[in-house]
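Trainee: Got a structure here, written out as structure tokens. Questions coming.
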Amino acid sequence: MRNVVVIVGDDHANYTLGSYGNALIQTPNLDKFAEQGVRFLNAYANAPMCSASRQSVQTGQYPHAAGVTLLFTSFPEEKITIADHLSQYGFKSAIIGKNHFNNGLNHGYDVKIERRDYFQYLEENPPQKVPDSIKVRPQWKPFSDHSRIWLNAEARPGDKFDKDDIGTYYANKAVEFIRENKENRFLLWLGFHEPHSPFNFPIEYTGSFDPAKVPFPTGGPEDDEFIPLVFKDLSEEERKGIISAYYTSVKYLDKNIGMVLNGIQETGLEDSTLVVYFGDHGYLLNHHKRFEKHMMWEEAVTAPLIIRSGSQIPAILNRENLVEFVDIAPTIMDFLNVPPMINQHGKSLKPFFEKEKVDHKEYVFSEFLADNKAMIKNEKWKYIFVTLYLEN
């Protein structure tokens, strides 16, 4: 492979993809992509939290070693990222969209485009006005207002049409970078905000899913004692509305990923470009009566991981082996035929493209140090360490 494109969905649970068995969700681009590569059915995030998971992938190290274990920890400047490493071998690199570096640094990327660039774009290209008759969601203020608002229980769109919305902007910038660098070896890291709360989608996507028809996990009585207060008084109608908003945001995410995949094909780079898609972790959609990640339940700690290596379709598309996201960086280096990064905790997934039977790992690991919690799992058992704080 000559180039690599890494695409990241935010809070994207694997059970909300058609290729992972969801018959209602509308993800034709990711489903087609999954038919062309390897889909890992048991892929585990090394932290069920955005920043820790992402910087773990960037370094190929578990979060505690990567130096980011809390949501707003600044990514240490001295850490070597995938971009730092590939720059030694002549790769041009860009990181577009959400990066969660929590600082103003580029961390090895030649180009960095983020939310503030989008706002500048809107100043120079005023968006189409939304009629007053269309109800859009209010400003997102997580945990500072009622959960039915910041979780978008009414499944309202954002205040933009598709052509002006942030996800479309990021997709266009990604295609632009690909076209401008088709003669170079390049690394493109593209982080969408969707489907993270408030489950953004443009005006045109309103009403895509009937809340009455979405899957609705109900949990059990054993969950009641532990439900965070912020979720306790949500009605069933509101909970289904939240799920329908999430599904709609996934549909919008899929459209934008399709734009990028088309851009790769149209520039003639499909055969020479490794494409990796993963969700930074999963998400609970009323599982255990919650709407969050931060847990070691399967729905929160697993996420989609799909890898396509050119246009040659592997013999086995679906793999059930235990894999984890620290495996992504070694996989990229292996496919690009460059030396591995130092102090890697992962193991290349390339053998899954070459062999029918692969002995990969005996166990996977995840940590959530904001809650002093860690998980280790093999094919039969899962052990979760939790510190309990008991009142006298």
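Residue numbering restarts at 1 in every chain; chains get A, B, ... in the order shown in the structure tokens, and ligands count up from 1 in that same order.
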If we count only C-alpha atoms, what is near stretch 212-218 of chain A at a cut-off of 7 Å, once residues fewer than 3 positions away on the same chain are taken out, given as an MDAnalysis selection string?

Mentor: chainID A and resid 240 243:244 286:287 289

Trainee: I need the residues from that last selection saved to file as a compact mmCIF listing (two decimals), in the first residue's frame (with C-alpha atoms), if you can.

Mentor:
# COMPACT_ATOMS: atom_id res chain seq x y z
CA LYS A 240 -36.97 6.34 21.79
CA ILE A 243 -32.33 6.59 19.81
CA SER A 244 -33.94 7.83 16.58
CA ASN A 286 -30.89 2.68 26.72
CA HIS A 287 -28.86 -0.43 27.46
CA LYS A 289 -31.29 2.33 30.99

Trainee: Find the residues around stretch 68-71 of chain A up to 7 Å (only C-alpha atoms counted), leave out those fewer than 5 positions away in its own chain, and share them as a list in words.

Mentor: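 Within the cut-off, the hits are Met49, Cys50, Ser51, Ala52, Gln55, Pro63, Leu369 and Ala370 of chain A.
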
Trainee: Produce a file of the selected residues containing C-alpha atoms, as a compact mmCIF listing (two decimals), in the first residue's frame.

Mentor:
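Result written to again_38.txt:
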# COMPACT_ATOMS: atom_id res chain seq x y z
CA MET A 49 -13.77 7.61 26.29
CA CYS A 50 -12.96 9.80 23.27
CA SER A 51 -9.59 11.41 24.00
CA ALA A 52 -7.98 8.41 25.70
CA GLN A 55 -4.53 9.10 21.44
CA PRO A 63 -3.90 4.97 27.29
CA LEU A 369 -9.12 5.83 34.80
CA ALA A 370 -11.60 8.65 35.40

Trainee: Would you please give, as a short mmCIF file (atom, residue, chain, number, x, y, z; two decimals) with N, CA and C atoms, in the first residue's frame, all residues of stretch 83-282 of chain A that DSSP assigns to strand (DSSP E or B) based on the backbone?

Mentor:
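Saved to states-v4.cif:
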data_model
loop_
_atom_site.label_atom_id
_atom_site.label_comp_id
_atom_site.auth_asym_id
_atom_site.auth_seq_id
_atom_site.Cartn_x
_atom_site.Cartn_y
_atom_site.Cartn_z
N LYS A 92 3.15 12.88 3.40
CA LYS A 92 2.43 14.11 3.70
C LYS A 92 1.23 13.73 4.55
N SER A 93 0.90 14.53 5.56
CA SER A 93 -0.17 14.11 6.47
C SER A 93 -1.13 15.24 6.78
N ALA A 94 -2.38 14.87 7.05
CA ALA A 94 -3.41 15.83 7.45
C ALA A 94 -4.30 15.18 8.48
N ILE A 95 -4.71 15.97 9.46
CA ILE A 95 -5.74 15.54 10.41
C ILE A 95 -6.89 16.53 10.29
N ILE A 96 -8.04 16.02 9.94
CA ILE A 96 -9.22 16.84 9.65
C ILE A 96 -10.34 16.43 10.59
N GLY A 97 -10.99 17.44 11.21
CA GLY A 97 -12.11 17.15 12.09
C GLY A 97 -11.70 17.03 13.54
N VAL A 111 -0.94 19.23 8.09
CA VAL A 111 -2.16 20.03 7.94
C VAL A 111 -3.12 19.65 9.06
N LYS A 112 -3.71 20.65 9.71
CA LYS A 112 -4.73 20.38 10.72
C LYS A 112 -5.93 21.28 10.45
N ILE A 113 -7.08 20.67 10.24
CA ILE A 113 -8.33 21.40 10.00
C ILE A 113 -9.32 20.94 11.06
N PHE A 186 0.70 9.60 1.37
CA PHE A 186 0.05 10.45 2.36
C PHE A 186 -0.67 9.63 3.43
N LEU A 187 -0.85 10.30 4.58
CA LEU A 187 -1.68 9.83 5.68
C LEU A 187 -2.78 10.86 5.88
N LEU A 188 -4.02 10.42 5.82
CA LEU A 188 -5.17 11.28 6.12
C LEU A 188 -5.91 10.69 7.31
N TRP A 189 -6.03 11.48 8.36
CA TRP A 189 -6.81 11.09 9.55
C TRP A 189 -8.03 11.99 9.58
N LEU A 190 -9.21 11.41 9.49
CA LEU A 190 -10.46 12.16 9.39
C LEU A 190 -11.38 11.79 10.54
N GLY A 191 -11.62 12.75 11.43
CA GLY A 191 -12.47 12.49 12.60
C GLY A 191 -13.78 13.25 12.53
N THR A 273 -4.41 2.46 -1.64
CA THR A 273 -4.73 3.14 -0.38
C THR A 273 -5.36 2.19 0.63
N LEU A 274 -4.74 2.08 1.77
CA LEU A 274 -5.31 1.36 2.91
C LEU A 274 -6.33 2.27 3.57
N VAL A 275 -7.53 1.77 3.79
CA VAL A 275 -8.57 2.57 4.44
C VAL A 275 -9.01 1.86 5.71
N VAL A 276 -8.99 2.58 6.82
CA VAL A 276 -9.38 2.05 8.12
C VAL A 276 -10.56 2.86 8.63
N TYR A 277 -11.64 2.19 9.01
CA TYR A 277 -12.74 2.86 9.70
C TYR A 277 -12.91 2.25 11.08
N PHE A 278 -13.01 3.11 12.10
CA PHE A 278 -13.35 2.62 13.43
C PHE A 278 -14.14 3.69 14.18
N GLY A 279 -14.99 3.24 15.11
CA GLY A 279 -15.62 4.14 16.06
C GLY A 279 -14.72 4.22 17.28
#

Trainee: Could you pull out the helix (DSSP H, G or I) residues of stretch 51-200 of chain A from DSSP and send them as number ranges by chain?

Mentor: A: 51-59, 63-66, 82-87, 115-124, 147-150, 162-164, 166-180

Trainee: Kindly give the distance, in Å, that separates atom CA of A:Ser309 and atom CA of A:Gly37, rounded to a single decimal.

Mentor: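 Between atom CA of A:Ser309 and atom CA of A:Gly37 the gap is 6.6 Å.
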
Trainee: When you draw a straight line from atom CA of A:Asn3 to atom CA of A:His196, how long is it in Å?

Mentor: 28.1 Å

Trainee: Residues at most 12 Å from A:Glu299, counting only C-alpha atoms, excluding those fewer than 6 positions away in the same chain, as a list in words?

Mentor: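 Listing them by chain and then by number gives Asp11, His12, Ala13, Asn14, Tyr15, Thr16, Asn42, Ala43, Tyr44, Ala45, Pro48, Pro217, Gly279, His281, Gly282, Tyr283, Leu284, Leu285, Asn286, His287, His288, Arg290, Phe291, Glu292 and Lys293 of chain A.
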
Trainee: Convert the current residue selection to file output with C-alpha atoms, as a CSV table (one decimal), in the first residue's frame.

Mentor:
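Output contents, as saved in result_22.csv:
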chain,number,residue,atom,x,y,z
A,11,ASP,CA,-19.3,7.3,19.9
A,12,HIS,CA,-20.3,4.9,17.1
A,13,ALA,CA,-21.5,1.6,18.4
A,14,ASN,CA,-21.0,-1.4,16.2
A,15,TYR,CA,-24.6,-2.6,16.6
A,16,THR,CA,-25.8,0.5,14.6
A,42,ASN,CA,-15.0,-8.3,18.3
A,43,ALA,CA,-12.9,-5.1,18.2
A,44,TYR,CA,-12.4,-3.4,21.6
A,45,ALA,CA,-11.6,0.2,22.4
A,48,PRO,CA,-14.5,3.9,26.5
A,217,PRO,CA,-33.4,-2.2,25.0
A,279,GLY,CA,-15.6,4.1,16.1
A,281,HIS,CA,-15.7,3.3,21.3
A,282,GLY,CA,-19.3,2.2,21.6
A,283,TYR,CA,-22.4,3.8,23.2
A,284,LEU,CA,-25.3,2.7,25.3
A,285,LEU,CA,-28.7,3.4,23.7
A,286,ASN,CA,-30.9,2.7,26.7
A,287,HIS,CA,-28.9,-0.4,27.5
A,288,HIS,CA,-28.9,-0.7,31.3
A,290,ARG,CA,-28.5,4.7,30.1
A,291,PHE,CA,-27.2,6.9,27.3
A,292,GLU,CA,-23.4,7.0,27.6
A,293,LYS,CA,-20.1,5.2,27.2

Trainee: Give me, as a count of residues only, all polymer residues having an atom no more than 10 Å from A:Lys32, counting only C-alpha atoms and skipping those fewer than 5 positions away in the same chain.

Mentor: 5

Trainee: So which one's closest to A:Asn102, A:Ser235, A:Ser53, A:Gln139, A:Ser74? Using only C-alpha atoms, please.

Mentor: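 Using only C-alpha atoms, the shortest distance to A:Asn102 belongs to A:Ser74.
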
Trainee: What's around A:Lys173 at 10 Å? Count only C-alpha atoms, leave out sequence neighbours fewer than 2 positions away in its own chain, and write the answer as an MDAnalysis selection string.

Mentor: chainID A and resid 96:97 113 167:171 175:179 190 260

Trainee: Write the residues you've just listed into a file as a PDB file, in the first residue's frame, and include C-alpha atoms for each of them.

Mentor:
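Saved result, again_35.pdb, follows:
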ATOM      1  CA  ILE A  96      -9.216  16.841   9.652  1.00  0.00           C
ATOM      2  CA  GLY A  97     -12.115  17.154  12.088  1.00  0.00           C
ATOM      3  CA  ILE A 113      -8.327  21.396  10.004  1.00  0.00           C
ATOM      4  CA  GLY A 167     -19.614  16.841   8.564  1.00  0.00           C
ATOM      5  CA  THR A 168     -20.027  17.694   4.885  1.00  0.00           C
ATOM      6  CA  TYR A 169     -17.343  20.376   5.262  1.00  0.00           C
ATOM      7  CA  TYR A 170     -14.899  17.859   6.738  1.00  0.00           C
ATOM      8  CA  ALA A 171     -15.660  15.335   3.988  1.00  0.00           C
ATOM      9  CA  VAL A 175     -11.431  14.805  -0.662  1.00  0.00           C
ATOM     10  CA  GLU A 176      -9.593  18.036  -1.432  1.00  0.00           C
ATOM     11  CA  PHE A 177      -6.506  16.787   0.438  1.00  0.00           C
ATOM     12  CA  ILE A 178      -6.625  13.445  -1.391  1.00  0.00           C
ATOM     13  CA  ARG A 179      -6.824  15.135  -4.786  1.00  0.00           C
ATOM     14  CA  LEU A 190     -10.458  12.159   9.386  1.00  0.00           C
ATOM     15  CA  VAL A 260     -14.505  10.258   0.967  1.00  0.00           C
TER      16      VAL A 260
END

Trainee: Using only C-alpha atoms, which of the listed residues (A:Glu183, A:Glu124, A:Asp132, A:Ile203) sits closest to A:Lys160?

Mentor: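 The answer is A:Ile203, which sits nearest to A:Lys160.
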
Trainee: For A:Arg148, which residue among A:Tyr246, A:Phe231, A:Tyr20, A:Phe201 is the nearest when counting only C-alpha atoms?

Mentor: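 Comparing A:Tyr246, A:Phe231, A:Tyr20, A:Phe201 against A:Arg148, the winner is A:Phe231.
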